[in-house]
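Pasting structure02.pdb here (PDB, C-alpha atoms):
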ATOM      1  CA  MET R 471      -1.252   9.737 -28.024  1.00  0.00           C
ATOM      2  CA  GLN R 472      -4.936   9.210 -27.267  1.00  0.00           C
ATOM      3  CA  LEU R 473      -6.323   7.373 -24.249  1.00  0.00           C
ATOM      4  CA  VAL R 474      -9.838   6.446 -23.194  1.00  0.00           C
ATOM      5  CA  TYR R 475     -10.707   6.128 -19.513  1.00  0.00           C
ATOM      6  CA  LYS R 476     -13.675   3.824 -18.796  1.00  0.00           C
ATOM      7  CA  SER R 477     -14.218   3.752 -15.066  1.00  0.00           C
ATOM      8  CA  GLU R 478     -15.266   6.117 -12.287  1.00  0.00           C
ATOM      9  CA  PRO R 479     -15.659   9.512 -14.051  1.00  0.00           C
ATOM     10  CA  GLU R 480     -14.459  11.774 -11.225  1.00  0.00           C
ATOM     11  CA  ARG R 481     -11.166   9.934 -11.024  1.00  0.00           C
ATOM     12  CA  GLY R 482     -10.907  10.172 -14.809  1.00  0.00           C
ATOM     13  CA  ARG R 483     -11.355  13.944 -14.643  1.00  0.00           C
ATOM     14  CA  LEU R 484      -8.482  14.115 -12.142  1.00  0.00           C
ATOM     15  CA  TRP R 485      -6.272  12.222 -14.585  1.00  0.00           C
ATOM     16  CA  GLN R 486      -7.511  14.408 -17.433  1.00  0.00           C
ATOM     17  CA  ARG R 487      -6.527  17.605 -15.593  1.00  0.00           C
ATOM     18  CA  TRP R 488      -3.153  16.191 -14.578  1.00  0.00           C
ATOM     19  CA  LEU R 489      -2.328  15.120 -18.137  1.00  0.00           C
ATOM     20  CA  ALA R 490      -3.453  18.469 -19.546  1.00  0.00           C
ATOM     21  CA  GLN R 491      -0.997  20.190 -17.213  1.00  0.00           C
ATOM     22  CA  HIS R 492       1.951  17.770 -17.321  1.00  0.00           C
ATOM     23  CA  ALA R 493       1.629  15.931 -20.652  1.00  0.00           C
ATOM     24  CA  PRO R 494      -0.512  18.066 -22.985  1.00  0.00           C
ATOM     25  CA  ASP R 495       0.368  15.896 -25.996  1.00  0.00           C
ATOM     26  CA  ILE R 496      -1.606  13.017 -24.408  1.00  0.00           C
ATOM     27  CA  LYS R 497      -5.363  13.367 -24.909  1.00  0.00           C
ATOM     28  CA  LEU R 498      -7.549  11.542 -22.371  1.00  0.00           C
ATOM     29  CA  HIS R 499     -11.218  10.950 -23.213  1.00  0.00           C
ATOM     30  CA  ILE R 500     -13.664   9.829 -20.543  1.00  0.00           C
ATOM     31  CA  TRP R 501     -16.080   7.086 -21.630  1.00  0.00           C
ATOM     32  CA  PRO R 502     -18.510   7.200 -23.397  1.00  0.00           C
ATOM     33  CA  GLU R 503     -16.551   9.953 -25.172  1.00  0.00           C
ATOM     34  CA  THR R 504     -13.844   8.263 -27.239  1.00  0.00           C
ATOM     35  CA  GLY R 505     -12.580  10.920 -29.624  1.00  0.00           C
ATOM     36  CA  GLU R 506     -11.586   9.192 -32.842  1.00  0.00           C
ATOM     37  CA  PRO R 507     -11.815   5.485 -31.951  1.00  0.00           C
ATOM     38  CA  ASP R 508      -9.345   4.400 -34.627  1.00  0.00           C
ATOM     39  CA  ARG R 509      -6.713   6.743 -33.102  1.00  0.00           C
ATOM     40  CA  VAL R 510      -7.048   5.456 -29.512  1.00  0.00           C
ATOM     41  CA  ASP R 511      -3.753   3.951 -28.350  1.00  0.00           C
ATOM     42  CA  ALA R 512      -4.720   2.759 -24.870  1.00  0.00           C
ATOM     43  CA  LEU R 513      -7.831   1.994 -22.862  1.00  0.00           C
ATOM     44  CA  ILE R 514      -7.806   2.431 -19.090  1.00  0.00           C
ATOM     45  CA  ALA R 515     -10.784   0.504 -17.724  1.00  0.00           C
ATOM     46  CA  TRP R 516     -12.453  -1.287 -14.865  1.00  0.00           C
ATOM     47  CA  GLN R 517     -14.368  -3.277 -17.471  1.00  0.00           C
ATOM     48  CA  PRO R 518     -13.616  -2.951 -21.198  1.00  0.00           C
ATOM     49  CA  PRO R 519     -16.456  -2.692 -23.722  1.00  0.00           C
ATOM     50  CA  ASP R 520     -17.819  -5.994 -25.020  1.00  0.00           C
ATOM     51  CA  ASP R 521     -16.325  -5.756 -28.520  1.00  0.00           C
ATOM     52  CA  ILE R 522     -13.094  -3.966 -27.748  1.00  0.00           C
ATOM     53  CA  ALA R 523     -11.491  -4.718 -31.137  1.00  0.00           C
ATOM     54  CA  ALA R 524     -14.422  -3.189 -33.006  1.00  0.00           C
ATOM     55  CA  CYS R 525     -14.561  -0.179 -30.668  1.00  0.00           C
ATOM     56  CA  PHE R 526     -10.832   0.531 -30.875  1.00  0.00           C
ATOM     57  CA  PRO R 527      -9.335  -1.158 -33.957  1.00  0.00           C
ATOM     58  CA  ASN R 528      -5.783   0.126 -33.345  1.00  0.00           C
ATOM     59  CA  LEU R 529      -5.605  -0.341 -29.596  1.00  0.00           C
ATOM     60  CA  LYS R 530      -2.082  -1.050 -28.369  1.00  0.00           C
ATOM     61  CA  LEU R 531      -2.602  -1.436 -24.622  1.00  0.00           C
ATOM     62  CA  LEU R 532      -5.303  -2.171 -22.031  1.00  0.00           C
ATOM     63  CA  PHE R 533      -4.794  -0.970 -18.450  1.00  0.00           C
ATOM     64  CA  SER R 534      -6.847  -2.439 -15.613  1.00  0.00           C
ATOM     65  CA  VAL R 535      -7.707   0.246 -13.030  1.00  0.00           C
ATOM     66  CA  GLY R 536      -8.143  -2.538 -10.510  1.00  0.00           C
ATOM     67  CA  THR R 537      -5.170  -4.244  -8.940  1.00  0.00           C
ATOM     68  CA  GLY R 538      -5.825  -7.279 -11.094  1.00  0.00           C
ATOM     69  CA  ALA R 539      -7.334  -8.163 -14.435  1.00  0.00           C
ATOM     70  CA  ASP R 540      -9.198 -11.322 -13.367  1.00  0.00           C
ATOM     71  CA  ARG R 541     -12.600  -9.760 -14.081  1.00  0.00           C
ATOM     72  CA  PHE R 542     -11.611  -9.286 -17.767  1.00  0.00           C
ATOM     73  CA  ASP R 543     -12.779 -11.959 -20.173  1.00  0.00           C
ATOM     74  CA  LEU R 544      -9.356 -12.506 -21.702  1.00  0.00           C
ATOM     75  CA  THR R 545     -10.823 -14.780 -24.389  1.00  0.00           C
ATOM     76  CA  ALA R 546     -12.814 -11.788 -25.710  1.00  0.00           C
ATOM     77  CA  LEU R 547      -9.695  -9.621 -26.050  1.00  0.00           C
ATOM     78  CA  PRO R 548      -7.431  -9.590 -29.092  1.00  0.00           C
ATOM     79  CA  PRO R 549      -4.725 -12.193 -28.378  1.00  0.00           C
ATOM     80  CA  ASP R 550      -1.847  -9.755 -28.969  1.00  0.00           C
ATOM     81  CA  LEU R 551      -3.283  -6.966 -26.778  1.00  0.00           C
ATOM     82  CA  PRO R 552      -1.118  -6.417 -23.687  1.00  0.00           C
ATOM     83  CA  VAL R 553      -3.094  -6.167 -20.442  1.00  0.00           C
ATOM     84  CA  ILE R 554      -1.410  -4.215 -17.667  1.00  0.00           C
ATOM     85  CA  ARG R 555      -2.638  -4.270 -14.090  1.00  0.00           C
ATOM     86  CA  MET R 556      -2.185  -1.080 -12.181  1.00  0.00           C
ATOM     87  CA  ILE R 557      -0.601  -0.924  -8.759  1.00  0.00           C
ATOM     88  CA  GLU R 558      -1.317   2.397  -7.152  1.00  0.00           C
ATOM     89  CA  PRO R 559      -0.695   3.239  -3.476  1.00  0.00           C
ATOM     90  CA  GLY R 560      -4.170   4.791  -3.203  1.00  0.00           C
ATOM     91  CA  LEU R 561      -5.856   1.563  -4.298  1.00  0.00           C
ATOM     92  CA  THR R 562      -3.848  -0.503  -1.840  1.00  0.00           C
ATOM     93  CA  GLN R 563      -4.439   1.920   1.036  1.00  0.00           C
ATOM     94  CA  GLY R 564      -8.167   2.085   0.260  1.00  0.00           C
ATOM     95  CA  MET R 565      -8.418  -1.702   0.336  1.00  0.00           C
ATOM     96  CA  VAL R 566      -6.487  -1.853   3.635  1.00  0.00           C
ATOM     97  CA  GLU R 567      -8.942   0.656   5.117  1.00  0.00           C
ATOM     98  CA  TYR R 568     -11.971  -1.246   3.802  1.00  0.00           C
ATOM     99  CA  VAL R 569     -10.733  -4.609   5.083  1.00  0.00           C
ATOM    100  CA  THR R 570      -9.811  -3.121   8.477  1.00  0.00           C
ATOM    101  CA  PHE R 571     -13.269  -1.558   8.743  1.00  0.00           C
ATOM    102  CA  SER R 572     -14.958  -4.825   7.752  1.00  0.00           C
ATOM    103  CA  VAL R 573     -12.941  -7.048  10.076  1.00  0.00           C
ATOM    104  CA  LEU R 574     -13.454  -4.732  13.045  1.00  0.00           C
ATOM    105  CA  GLY R 575     -17.164  -4.415  12.227  1.00  0.00           C
ATOM    106  CA  LEU R 576     -17.569  -8.184  12.223  1.00  0.00           C
ATOM    107  CA  HIS R 577     -15.433  -8.541  15.348  1.00  0.00           C
ATOM    108  CA  ARG R 578     -17.629  -6.046  17.193  1.00  0.00           C
ATOM    109  CA  ASP R 579     -20.803  -7.764  15.868  1.00  0.00           C
ATOM    110  CA  MET R 580     -21.961  -4.657  13.991  1.00  0.00           C
ATOM    111  CA  PRO R 581     -24.365  -6.522  11.644  1.00  0.00           C
ATOM    112  CA  ARG R 582     -26.343  -7.612  14.725  1.00  0.00           C
ATOM    113  CA  TYR R 583     -26.378  -4.045  16.112  1.00  0.00           C
ATOM    114  CA  PHE R 584     -27.465  -2.631  12.733  1.00  0.00           C
ATOM    115  CA  GLN R 585     -30.327  -5.138  12.666  1.00  0.00           C
ATOM    116  CA  GLN R 586     -31.342  -4.131  16.180  1.00  0.00           C
ATOM    117  CA  GLN R 587     -31.159  -0.468  15.190  1.00  0.00           C
ATOM    118  CA  ARG R 588     -33.556  -1.081  12.283  1.00  0.00           C
ATOM    119  CA  GLN R 589     -35.902  -2.744  14.769  1.00  0.00           C
ATOM    120  CA  GLN R 590     -35.436   0.145  17.237  1.00  0.00           C
ATOM    121  CA  GLN R 591     -34.005  -2.198  19.829  1.00  0.00           C
ATOM    122  CA  TRP R 592     -30.956  -1.912  22.039  1.00  0.00           C
ATOM    123  CA  GLN R 593     -29.406  -4.940  23.601  1.00  0.00           C
ATOM    124  CA  ALA R 594     -25.746  -5.208  24.540  1.00  0.00           C
ATOM    125  CA  HIS R 595     -23.887  -8.375  23.611  1.00  0.00           C
ATOM    126  CA  SER R 596     -20.647  -9.772  24.952  1.00  0.00           C
ATOM    127  CA  VAL R 597     -17.622  -9.425  22.703  1.00  0.00           C
ATOM    128  CA  LEU R 598     -14.786 -11.862  22.332  1.00  0.00           C
ATOM    129  CA  PRO R 599     -11.440 -10.088  22.823  1.00  0.00           C
ATOM    130  CA  ALA R 600      -9.693  -9.344  19.522  1.00  0.00           C
ATOM    131  CA  ALA R 601      -6.636 -11.308  20.694  1.00  0.00           C
ATOM    132  CA  GLN R 602      -8.815 -14.448  20.668  1.00  0.00           C
ATOM    133  CA  ARG R 603      -9.847 -14.001  17.019  1.00  0.00           C
ATOM    134  CA  ARG R 604      -8.065 -15.195  13.908  1.00  0.00           C
ATOM    135  CA  VAL R 605      -8.015 -13.357  10.615  1.00  0.00           C
ATOM    136  CA  GLY R 606      -6.891 -15.004   7.387  1.00  0.00           C
ATOM    137  CA  VAL R 607      -5.173 -13.118   4.572  1.00  0.00           C
ATOM    138  CA  MET R 608      -5.791 -14.525   1.115  1.00  0.00           C
ATOM    139  CA  GLY R 609      -3.313 -14.035  -1.679  1.00  0.00           C
ATOM    140  CA  MET R 610       0.310 -13.152  -2.005  1.00  0.00           C
ATOM    141  CA  GLY R 611       0.004 -10.170  -4.343  1.00  0.00           C
ATOM    142  CA  GLU R 612       0.047  -6.464  -3.688  1.00  0.00           C
ATOM    143  CA  LEU R 613      -3.201  -6.623  -1.712  1.00  0.00           C
ATOM    144  CA  GLY R 614      -2.594  -9.947   0.004  1.00  0.00           C
TER     145      GLY R 614
END
In structure tokens, how does this file's structure come out?
Amino acid sequence: MQLVYKSEPERGRLWQRWLAQHAPDIKLHIWPETGEPDRVDALIAWQPPDDIAACFPNLKLLFSVGTGADRFDLTALPPDLPVIRMIEPGLTQGMVEYVTFSVLGLHRDMPRYFQQQRQQQWQAHSVLPAAQRRVGVMGMGELG
């Protein structure tokens, strides 16, 4: 089996090492390296190449390394190509951390403080208690 990984290269190298150790019959190429394109069974990508059918004429499966596939132009994909979204605990945990950081940063008015820092100013501002704030969660999927 041959796979091509088209996303963040360091993460791809981790997968490459793991597969070499645990599943040596599976060959993982990291984009732009593709090996023999007509022998590629699956593409693992954040964003597939524009002409995926021409790049990989015998592709059997497309994995989205994001938690969804909504950024894929599904009309540009072969109609019979299965698209699989990946749910990985690391992705979910990373998003939880990012959202927590962002919400707390906005709650504590950090954009204003960063602006003041750039202007070499310091001025304290009152903060509304967190219990008096509302936070909305959008979506019902793995990340919602």
### Message
Given the point (-18.8, -9.4, 16.4) in the coordinates of this file, which residues lie within 10 Å, counting only C-alpha atoms, and how would they look as a PyMOL selection string?
### Response
chain R and resi 573-583+595-600
### Task
Name the closest residue to Cys525 in chain R among the candidates R:Ala490, R:Trp501, R:Asp550, R:Thr545; distances are taken between atoms, counting all atoms listed in the file.
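Looking at the shortest contact to Cys525 in chain R, the residue is R:Trp501.
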### Query
For Ala512 in chain R, which residue among R:Gln491, R:Thr570, R:Gln585, R:Asn528 is the nearest when counting all atoms listed in the file?
R:Asn528
### Task
Skip range 472-476 of chain R itself and residues of its chain fewer than 2 positions away, then list as JSON, numbers by chain all residues within 12 Å of it, counting all atoms listed in the file.
{"R": [478, 479, 480, 481, 482, 483, 484, 485, 486, 489, 493, 494, 495, 496, 497, 498, 499, 500, 501, 502, 503, 504, 505, 506, 507, 508, 509, 510, 511, 512, 513, 514, 515, 516, 517, 518, 519, 522, 525, 526, 528, 529, 530, 531, 532, 533, 534, 535, 536]}
#### Entry: Distance in Å - CA of Trp488 in chain R versus CA of Glu558 in chain R
15.8 Å
Would you compute the box with edges along x, y and z of the file around range 524-536 of chain R, including every atom the file lists for it and 8 Å extra on each side, and give its centre and edge lengths in Å to one decimal, as lines of an AutoDock Vina configuration file?
center_x = -8.3
center_y = -1.3
center_z = -22.2
size_x = 28.5
size_y = 19.7
size_z = 39.4
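Near (-8.7, 1.0, -3.5), the residues that fall inside 12 Å on the basis of only C-alpha atoms are R:Arg481, R:Val535, R:Gly536, R:Thr537, R:Gly538, R:Met556, R:Ile557, R:Glu558, R:Pro559, R:Gly560, R:Leu561, R:Thr562, R:Gln563, R:Gly564, R:Met565, R:Val566, R:Glu567, R:Tyr568, R:Val569, R:Glu612, R:Leu613.
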### Task
For CA of Phe571 in chain R and CA of Phe542 in chain R, determine how far apart the two atoms are, in Å to one decimal place.
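Interatomic distance here is 27.7 Å.
In this structure, CA of Pro527 in chain R sits 20.1 Å away from CA of Ser477 in chain R.
Here the question is which of R:Leu547, R:Val605, R:Gly614, R:Ala523 gets nearest to Ser572 in chain R using only C-alpha atoms, and that residue is R:Val605.
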